[in-house]
Amino acid sequence: MPIDEDKLPYTLKALACQQADQLLTALGLDYLDGQQVTRHAAAAAACIAPELVTT
């Protein structure tokens, strides 16, 4: 399937946040830790998106 470049950052962000939520549930971290992990996951996904489009 071709990559929709316009939606890619949002898709990666959603996937990263979903995985972060699963990790938080598995580890039993508190709310503040969860917010930090989710922010970092979203930021990492935003950094990765342009690299995927150019390759």
# chains A, B, ... in the order shown; residues from 1 in each chain; ligands from 1

$ residues_around --residues "segment 30-46 of chain A" --least-positions-apart "2" --cutoff "7 Å" --atoms "only C-alpha atoms" --output "ChimeraX atom specification"
/A:9,12-13,16-17,20,24,28,48-49

$ select_by_dssp --residues "chain A" --states "alpha helix (DSSP H)" --output "PyMOL selection string"
chain A and resi 8-27+31-54

$ closest_residue --among "A:Leu29, A:Gln18, A:Leu8, A:Leu23" --to "Cys47 of chain A" --atoms "only C-alpha atoms"
A:Leu8

$ decode --residues "segment 36-51 of chain A" --atoms "all heavy atoms" --output "short mmCIF file (atom, residue, chain, number, x, y, z; two decimals), in the first residue's frame"
data_model
loop_
_atom_site.label_atom_id
_atom_site.label_comp_id
_atom_site.auth_asym_id
_atom_site.auth_seq_id
_atom_site.Cartn_x
_atom_site.Cartn_y
_atom_site.Cartn_z
N GLN A 36 4.23 11.68 30.81
CA GLN A 36 5.58 11.91 30.29
C GLN A 36 5.93 10.88 29.21
O GLN A 36 6.47 11.23 28.16
CB GLN A 36 6.60 11.86 31.42
CG GLN A 36 8.00 12.17 30.97
CD GLN A 36 9.00 12.17 32.12
OE1 GLN A 36 8.68 11.79 33.23
NE2 GLN A 36 10.20 12.61 31.84
N VAL A 37 5.62 9.63 29.46
CA VAL A 37 5.91 8.57 28.48
C VAL A 37 5.13 8.82 27.20
O VAL A 37 5.66 8.69 26.10
CB VAL A 37 5.58 7.18 29.08
CG1 VAL A 37 5.59 6.11 28.00
CG2 VAL A 37 6.56 6.83 30.17
N THR A 38 3.87 9.20 27.32
CA THR A 38 3.04 9.44 26.15
C THR A 38 3.57 10.64 25.34
O THR A 38 3.62 10.58 24.11
CB THR A 38 1.58 9.69 26.56
OG1 THR A 38 1.12 8.54 27.30
CG2 THR A 38 0.68 9.88 25.36
N ARG A 39 4.00 11.70 26.01
CA ARG A 39 4.56 12.86 25.31
C ARG A 39 5.84 12.48 24.56
O ARG A 39 6.04 12.87 23.41
CB ARG A 39 4.87 13.99 26.30
CG ARG A 39 3.69 14.84 26.66
CD ARG A 39 4.11 16.12 27.35
NE ARG A 39 5.02 15.92 28.48
CZ ARG A 39 4.64 15.69 29.73
NH1 ARG A 39 3.36 15.62 30.02
NH2 ARG A 39 5.53 15.53 30.69
N HIS A 40 6.69 11.70 25.20
CA HIS A 40 7.93 11.28 24.55
C HIS A 40 7.65 10.36 23.36
O HIS A 40 8.33 10.47 22.33
CB HIS A 40 8.86 10.58 25.55
CG HIS A 40 9.54 11.52 26.48
ND1 HIS A 40 10.56 12.35 26.09
CD2 HIS A 40 9.34 11.77 27.80
CE1 HIS A 40 10.96 13.07 27.12
NE2 HIS A 40 10.23 12.74 28.17
N ALA A 41 6.68 9.49 23.49
CA ALA A 41 6.33 8.59 22.38
C ALA A 41 5.80 9.38 21.20
O ALA A 41 6.17 9.12 20.04
CB ALA A 41 5.29 7.57 22.85
N ALA A 42 4.96 10.37 21.46
CA ALA A 42 4.41 11.19 20.38
C ALA A 42 5.51 12.01 19.72
O ALA A 42 5.53 12.16 18.48
CB ALA A 42 3.31 12.10 20.93
N ALA A 43 6.43 12.55 20.49
CA ALA A 43 7.53 13.34 19.93
C ALA A 43 8.45 12.47 19.08
O ALA A 43 8.90 12.88 18.00
CB ALA A 43 8.32 14.00 21.05
N ALA A 44 8.72 11.26 19.53
CA ALA A 44 9.57 10.35 18.76
C ALA A 44 8.89 9.98 17.44
O ALA A 44 9.54 9.93 16.40
CB ALA A 44 9.87 9.10 19.57
N ALA A 45 7.60 9.75 17.48
CA ALA A 45 6.86 9.42 16.26
C ALA A 45 6.90 10.58 15.27
O ALA A 45 7.05 10.38 14.06
CB ALA A 45 5.42 9.06 16.58
N ALA A 46 6.79 11.80 15.77
CA ALA A 46 6.84 12.98 14.89
C ALA A 46 8.21 13.12 14.24
O ALA A 46 8.31 13.56 13.09
CB ALA A 46 6.50 14.23 15.69
N CYS A 47 9.26 12.73 14.94
CA CYS A 47 10.61 12.80 14.37
C CYS A 47 10.85 11.72 13.32
O CYS A 47 11.58 11.92 12.37
CB CYS A 47 11.65 12.66 15.48
SG CYS A 47 11.72 14.07 16.58
N ILE A 48 10.22 10.58 13.50
CA ILE A 48 10.43 9.44 12.61
C ILE A 48 9.64 9.60 11.31
O ILE A 48 10.09 9.15 10.25
CB ILE A 48 10.03 8.13 13.31
CG1 ILE A 48 11.01 7.84 14.44
CG2 ILE A 48 9.97 6.97 12.34
CD1 ILE A 48 10.59 6.71 15.34
N ALA A 49 8.49 10.24 11.35
CA ALA A 49 7.61 10.33 10.18
C ALA A 49 8.31 10.88 8.94
O ALA A 49 8.19 10.28 7.87
CB ALA A 49 6.38 11.14 10.52
N PRO A 50 9.04 12.00 9.02
CA PRO A 50 9.68 12.50 7.79
C PRO A 50 10.71 11.53 7.21
O PRO A 50 10.88 11.45 6.00
CB PRO A 50 10.37 13.79 8.25
CG PRO A 50 9.66 14.19 9.49
CD PRO A 50 9.20 12.91 10.12
N GLU A 51 11.37 10.79 8.06
CA GLU A 51 12.36 9.80 7.58
C GLU A 51 11.70 8.69 6.79
O GLU A 51 12.27 8.20 5.82
CB GLU A 51 13.13 9.22 8.76
CG GLU A 51 14.00 10.22 9.48
CD GLU A 51 14.67 9.62 10.72
OE1 GLU A 51 14.70 8.39 10.84
OE2 GLU A 51 15.16 10.41 11.53
#
